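Q: Let me give you the structure first, and then I'll get to my questions.
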Number of protein chains: 2
Amino acid sequence: MAASGKRPRDPFPRRGHDHARCVAGALTAAAAVCARRGEQLTPLRRRVLELVWSSHQPIGAYAILDKLRADGRSAAPPTVYRALEFLLAHGLIHRIESLNAFVGCAQPGPDHLVQFLICTKCGTAAEVEDRRVTEAIGRSAAERGFALAGRVIELSGLCINCRDDRPRAGARSVV
Amino acid sequence: MAASGKRPRDPFPRRGHDHARCVAGALTAAAAVCARRGEQLTPLRRRVLELVWSSHQPIGAYAILDKLRADGRSAAPPTVYRALEFLLAHGLIHRIESLNAFVGCAQPGPDHLVQFLICTKCGTAAEVEDRRVTEAIGRSAAERGFALAGRVIELSGLCINCRDDRPRAGARSVV
DNA sequence: TAGTATAATGTTATAGTATAACGTTTAGCG
DNA sequence: CGCTAAACGTTATACTATAACATTATACTA
């Protein structure tokens with residue numbers, strides 16, 4: 001039996017994982033969230049969500065716009081930003097401030113205080129929910145008399161997949 | 001005797017503090033840093049640093065640009081961005097990702113891993129260096145096999161000055 | 001089912017943020 | 001003095017985001 005609960009589950013999807021399942025799961029979860037809240041997951045919103053989920057790398061609004069147009073759909077910036085605003089409001093995606101880009105939310109739900117690990121090599125942004133981090137930040141703010149409301153925690157570096165990469169031509173590994 | 005060492009020093013400057021001292025201290029410290037590194041704190045760079053320090057609220061690049069032009073100086077966006085890049089490189093200012101804006105660094109120096117508390121009412125961004133937060137994040141990343149390099153930690157809410165404000169006309173206080 | 005209110009989307013225009021590319025000036029140094 | 005590198009000027013453009021208003025779709029009600 002694995003030491004679950006001790007060592008955190010790896011938040012970075014493996015290369016070659018079945019990404020179609022990620023997408024399908026996200027769309028199913030989104031439909032459920034919207035149904036429960038009486039909100040409409042319209043074709044446009046659903047399509048934008050699907051595009052955000054097209055990979056685990058955060059995607060910019062204008063890249064989404066291009067893909068919508070490639071669908072043959074009429075689209076302008078507000079088309080995209082409104083859909084993104086809806087998806088953000090319902091916790092279906094996250095905005096990565098340091099990249100001006102968006103990524104799918106791995107676990108839509110309440111009490112969802114997360115951190116992001118963003119690989120500077122492969123671009124993947126992994127969502128982490130570490131209570132010790134959340135609590136340390138909560139205590140730090142409280143001790144300073146700060147009424148904490150919003151948290152932007154974006155950590156960059158090399159993910160577990162990329163740091164293990166062997167350099168291609170005998171060079172030293174990247175720091 | 002105060003419980004110093006237990007309760008952290010309030011990172012938010014008081015209203016009506018002597019801000020000229022903040023500015024003067026920052027400029028002096030910057031001159032020292034540049035001298036030590038053999039870098040030039042040119043009049044332009046010095047002026048941009050002074051403008052960033054014109055308050056404790058993060059300032060945007062184009063607001064700086066406007067003020068430079070108000071000085072009568074010829075200036076274009078690259079003028080500002082190059083100076084900001086220099087100041088960032090030497091740890092004299094920080095970029096606040098969630099605001100696309102810049103704020104003076106309170107304590108230029110090495111091993112400077114900080115968090116920001118950003119008041120949504122008065123706009124002040126306070127720099128905090130809480131080792132427990134830094135360490136919790138470091139552990140979280142390490143446990144997930146992530147080689148941590150950069151940290152963006154920006155917390156929004158109400159600062160100690162603003163949360164104590166009494167509403168102006170008997171209304172309930174802001175949450 | 002027609003009427004009406006609201007939500008969603010379309011459309012045009014513009015604001016705000018950032019950098020590429022190249023030319024000119026300045027400062028230090030042999 | 002003349003060279004070199006750094007800093008700065010200048011023009012153009014790319015990227016990100018929203019305001020404002022028109023149109024269409026949806027849902028509720030009478």
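For the structure tokens, the naming scheme is as follows: chains receive sequential letters (A, B, ...) according to their order of presentation, residues are indexed from 1 within each chain, and ligands are indexed from 1 in presentation order.
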Would you write out, as a tab-separated table, a table of all residues in chain C that have an atom no more than 12 Å from an atom of chain A, listing for each the closest atom pair and the distance in Å to one decimal, considering only C-alpha atoms (C1' of nucleotides) and ordering rows by chain and rising residue number?
A:
residue	atom	partner	partner_atom	distance
C:DA7	C1'	A:Gln40	CA	9.6
C:DA8	C1'	A:Thr42	CA	8.8
C:DT9	C1'	A:Thr79	CA	7.3
C:DG10	C1'	A:Ala75	CA	8.0
C:DT11	C1'	A:Ala76	CA	8.0
C:DT12	C1'	A:Ala76	CA	9.9
C:DA13	C1'	A:Ala76	CA	11.9
C:DT17	C1'	A:Asn100	CA	11.0
Q: List as JSON lines every residue of chain A that is in contact with chain B, defined as an atom at most 9 Å from one of its atoms (using only C-alpha atoms), together with the nearest atom pair and the distance in Å rounded to one decimal, sorted by chain and then rising number.
A:
{"residue": "A:Arg7", "atom": "CA", "partner": "B:Glu143", "partner_atom": "CA", "distance": 6.9}
{"residue": "A:Pro8", "atom": "CA", "partner": "B:Arg144", "partner_atom": "CA", "distance": 6.7}
{"residue": "A:Arg9", "atom": "CA", "partner": "B:Arg144", "partner_atom": "CA", "distance": 7.5}
{"residue": "A:Asp10", "atom": "CA", "partner": "B:Arg144", "partner_atom": "CA", "distance": 5.8}
{"residue": "A:Pro11", "atom": "CA", "partner": "B:Arg144", "partner_atom": "CA", "distance": 7.3}
{"residue": "A:Phe12", "atom": "CA", "partner": "B:Arg144", "partner_atom": "CA", "distance": 8.6}
{"residue": "A:Ile96", "atom": "CA", "partner": "B:Ser98", "partner_atom": "CA", "distance": 8.9}
{"residue": "A:Glu97", "atom": "CA", "partner": "B:Ser98", "partner_atom": "CA", "distance": 5.4}
{"residue": "A:Ser98", "atom": "CA", "partner": "B:Glu97", "partner_atom": "CA", "distance": 5.4}
{"residue": "A:Leu99", "atom": "CA", "partner": "B:Glu97", "partner_atom": "CA", "distance": 8.6}
{"residue": "A:Asn100", "atom": "CA", "partner": "B:Glu97", "partner_atom": "CA", "distance": 9.0}
{"residue": "A:Leu117", "atom": "CA", "partner": "B:Phe146", "partner_atom": "CA", "distance": 7.6}
{"residue": "A:Cys119", "atom": "CA", "partner": "B:Phe146", "partner_atom": "CA", "distance": 8.4}
{"residue": "A:Val128", "atom": "CA", "partner": "B:Ser140", "partner_atom": "CA", "distance": 8.8}
{"residue": "A:Asp130", "atom": "CA", "partner": "B:Ser140", "partner_atom": "CA", "distance": 6.9}
{"residue": "A:Arg132", "atom": "CA", "partner": "B:Ala136", "partner_atom": "CA", "distance": 6.4}
{"residue": "A:Val133", "atom": "CA", "partner": "B:Ala136", "partner_atom": "CA", "distance": 5.3}
{"residue": "A:Thr134", "atom": "CA", "partner": "B:Val133", "partner_atom": "CA", "distance": 8.8}
{"residue": "A:Glu135", "atom": "CA", "partner": "B:Val133", "partner_atom": "CA", "distance": 8.8}
{"residue": "A:Ala136", "atom": "CA", "partner": "B:Val133", "partner_atom": "CA", "distance": 5.3}
{"residue": "A:Ile137", "atom": "CA", "partner": "B:Val133", "partner_atom": "CA", "distance": 5.9}
{"residue": "A:Ser140", "atom": "CA", "partner": "B:Asp130", "partner_atom": "CA", "distance": 6.9}
{"residue": "A:Ala141", "atom": "CA", "partner": "B:Leu117", "partner_atom": "CA", "distance": 7.7}
{"residue": "A:Glu143", "atom": "CA", "partner": "B:Arg7", "partner_atom": "CA", "distance": 6.8}
{"residue": "A:Arg144", "atom": "CA", "partner": "B:Asp10", "partner_atom": "CA", "distance": 5.8}
{"residue": "A:Gly145", "atom": "CA", "partner": "B:Ile160", "partner_atom": "CA", "distance": 5.0}
{"residue": "A:Phe146", "atom": "CA", "partner": "B:Cys159", "partner_atom": "CA", "distance": 4.8}
{"residue": "A:Ala147", "atom": "CA", "partner": "B:Leu158", "partner_atom": "CA", "distance": 4.9}
{"residue": "A:Leu148", "atom": "CA", "partner": "B:Gly157", "partner_atom": "CA", "distance": 4.5}
{"residue": "A:Ala149", "atom": "CA", "partner": "B:Gly157", "partner_atom": "CA", "distance": 4.7}
{"residue": "A:Gly150", "atom": "CA", "partner": "B:Ser156", "partner_atom": "CA", "distance": 4.8}
{"residue": "A:Arg151", "atom": "CA", "partner": "B:Leu155", "partner_atom": "CA", "distance": 4.7}
{"residue": "A:Val152", "atom": "CA", "partner": "B:Glu154", "partner_atom": "CA", "distance": 5.0}
{"residue": "A:Ile153", "atom": "CA", "partner": "B:Ile153", "partner_atom": "CA", "distance": 4.6}
{"residue": "A:Glu154", "atom": "CA", "partner": "B:Val152", "partner_atom": "CA", "distance": 5.0}
{"residue": "A:Leu155", "atom": "CA", "partner": "B:Arg151", "partner_atom": "CA", "distance": 4.7}
{"residue": "A:Ser156", "atom": "CA", "partner": "B:Gly150", "partner_atom": "CA", "distance": 4.8}
{"residue": "A:Gly157", "atom": "CA", "partner": "B:Leu148", "partner_atom": "CA", "distance": 4.6}
{"residue": "A:Leu158", "atom": "CA", "partner": "B:Ala147", "partner_atom": "CA", "distance": 4.9}
{"residue": "A:Cys159", "atom": "CA", "partner": "B:Phe146", "partner_atom": "CA", "distance": 4.8}
{"residue": "A:Ile160", "atom": "CA", "partner": "B:Gly145", "partner_atom": "CA", "distance": 5.0}
{"residue": "A:Asn161", "atom": "CA", "partner": "B:Gly145", "partner_atom": "CA", "distance": 8.7}
{"residue": "A:Arg163", "atom": "CA", "partner": "B:Ala147", "partner_atom": "CA", "distance": 7.4}
{"residue": "A:Val175", "atom": "CA", "partner": "B:Ala147", "partner_atom": "CA", "distance": 8.4}
Q: Write out as a CSV table (one decimal) with C-alpha atoms, in the first residue's frame the residues lying within 12 Å of His19 of chain A, counting only C-alpha atoms (C1' of nucleotides) and excluding same-chain residues fewer than 3 positions away.
A:
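To be explicit, this is the file written out as result.csv:
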chain,number,residue,atom,x,y,z
A,13,PRO,CA,0.0,15.2,-15.5
A,14,ARG,CA,2.4,12.7,-17.0
A,15,ARG,CA,3.5,13.1,-20.6
A,16,GLY,CA,1.3,11.0,-22.8
A,22,CYS,CA,-9.2,15.4,-18.5
A,23,VAL,CA,-11.3,17.3,-21.0
A,24,ALA,CA,-14.3,15.0,-20.7
A,25,GLY,CA,-14.2,15.1,-16.9
A,26,ALA,CA,-14.0,18.9,-16.9
A,50,GLU,CA,-13.0,23.0,-23.9
A,53,TRP,CA,-8.7,22.6,-21.4
A,54,SER,CA,-7.1,21.9,-24.7
A,55,SER,CA,-3.9,21.5,-22.7
A,56,HIS,CA,-2.5,22.0,-19.2
Q: Do me a favour and pick out the residues of chain A within 10 Å of chain D, using only C-alpha atoms (C1' of nucleotides), as a list of chain:residue names.
A: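 Only these qualify: A:Gly60, A:Ala61, A:Tyr62, A:Pro77, A:Pro78, A:Tyr81, A:Asn100, A:Ala101.
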Q: I'd like the interatomic distance between atom CA of Val48 of chain A and atom C1' of DT19 of chain C, to a tenth of an Å.
A: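 Going from atom CA of Val48 of chain A over to atom C1' of DT19 of chain C, I get 28.3 Å.
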Q: What's the separation between atom CA of Gly123 of chain A and atom CA of Ala89 of chain A, in Å to one decimal place?
A: 24.5 Å
Q: Write out as a PyMOL selection string the set of residues from chain A that DSSP, computed on the backbone, places in strand (DSSP E).
A: chain A and resi 93-96+101-104+115-119+125-128+147-158
Q: Determine, counting only C-alpha atoms (C1' of nucleotides), which protein, DNA and RNA residues have an atom within 10 Å of an atom of Val33 of chain B; residues of the same chain fewer than 6 positions away are not included. Present the result as a list of chain:residue names.
A: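 Once the adjacent positions are removed, what remains is B:Leu27, B:Glu39, B:Gln40, B:Leu41, B:His90, B:Gly91, B:Leu92, B:Pro108, B:Gly109.
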Q: Between atom CA of Lys121 of chain A and atom CA of Val52 of chain A, what is the distance in Å, rounded to a tenth?
A: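 Calculated distance between atom CA of Lys121 of chain A and atom CA of Val52 of chain A is 19.4 Å.
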Q: When DSSP is applied to the backbone of this structure, which of segment 22-169 of chain B are assigned alpha helix (DSSP H)? Write them out as a PyMOL selection string.
A: chain B and resi 22-37+43-52+61-70+77-89+131-143+160-163
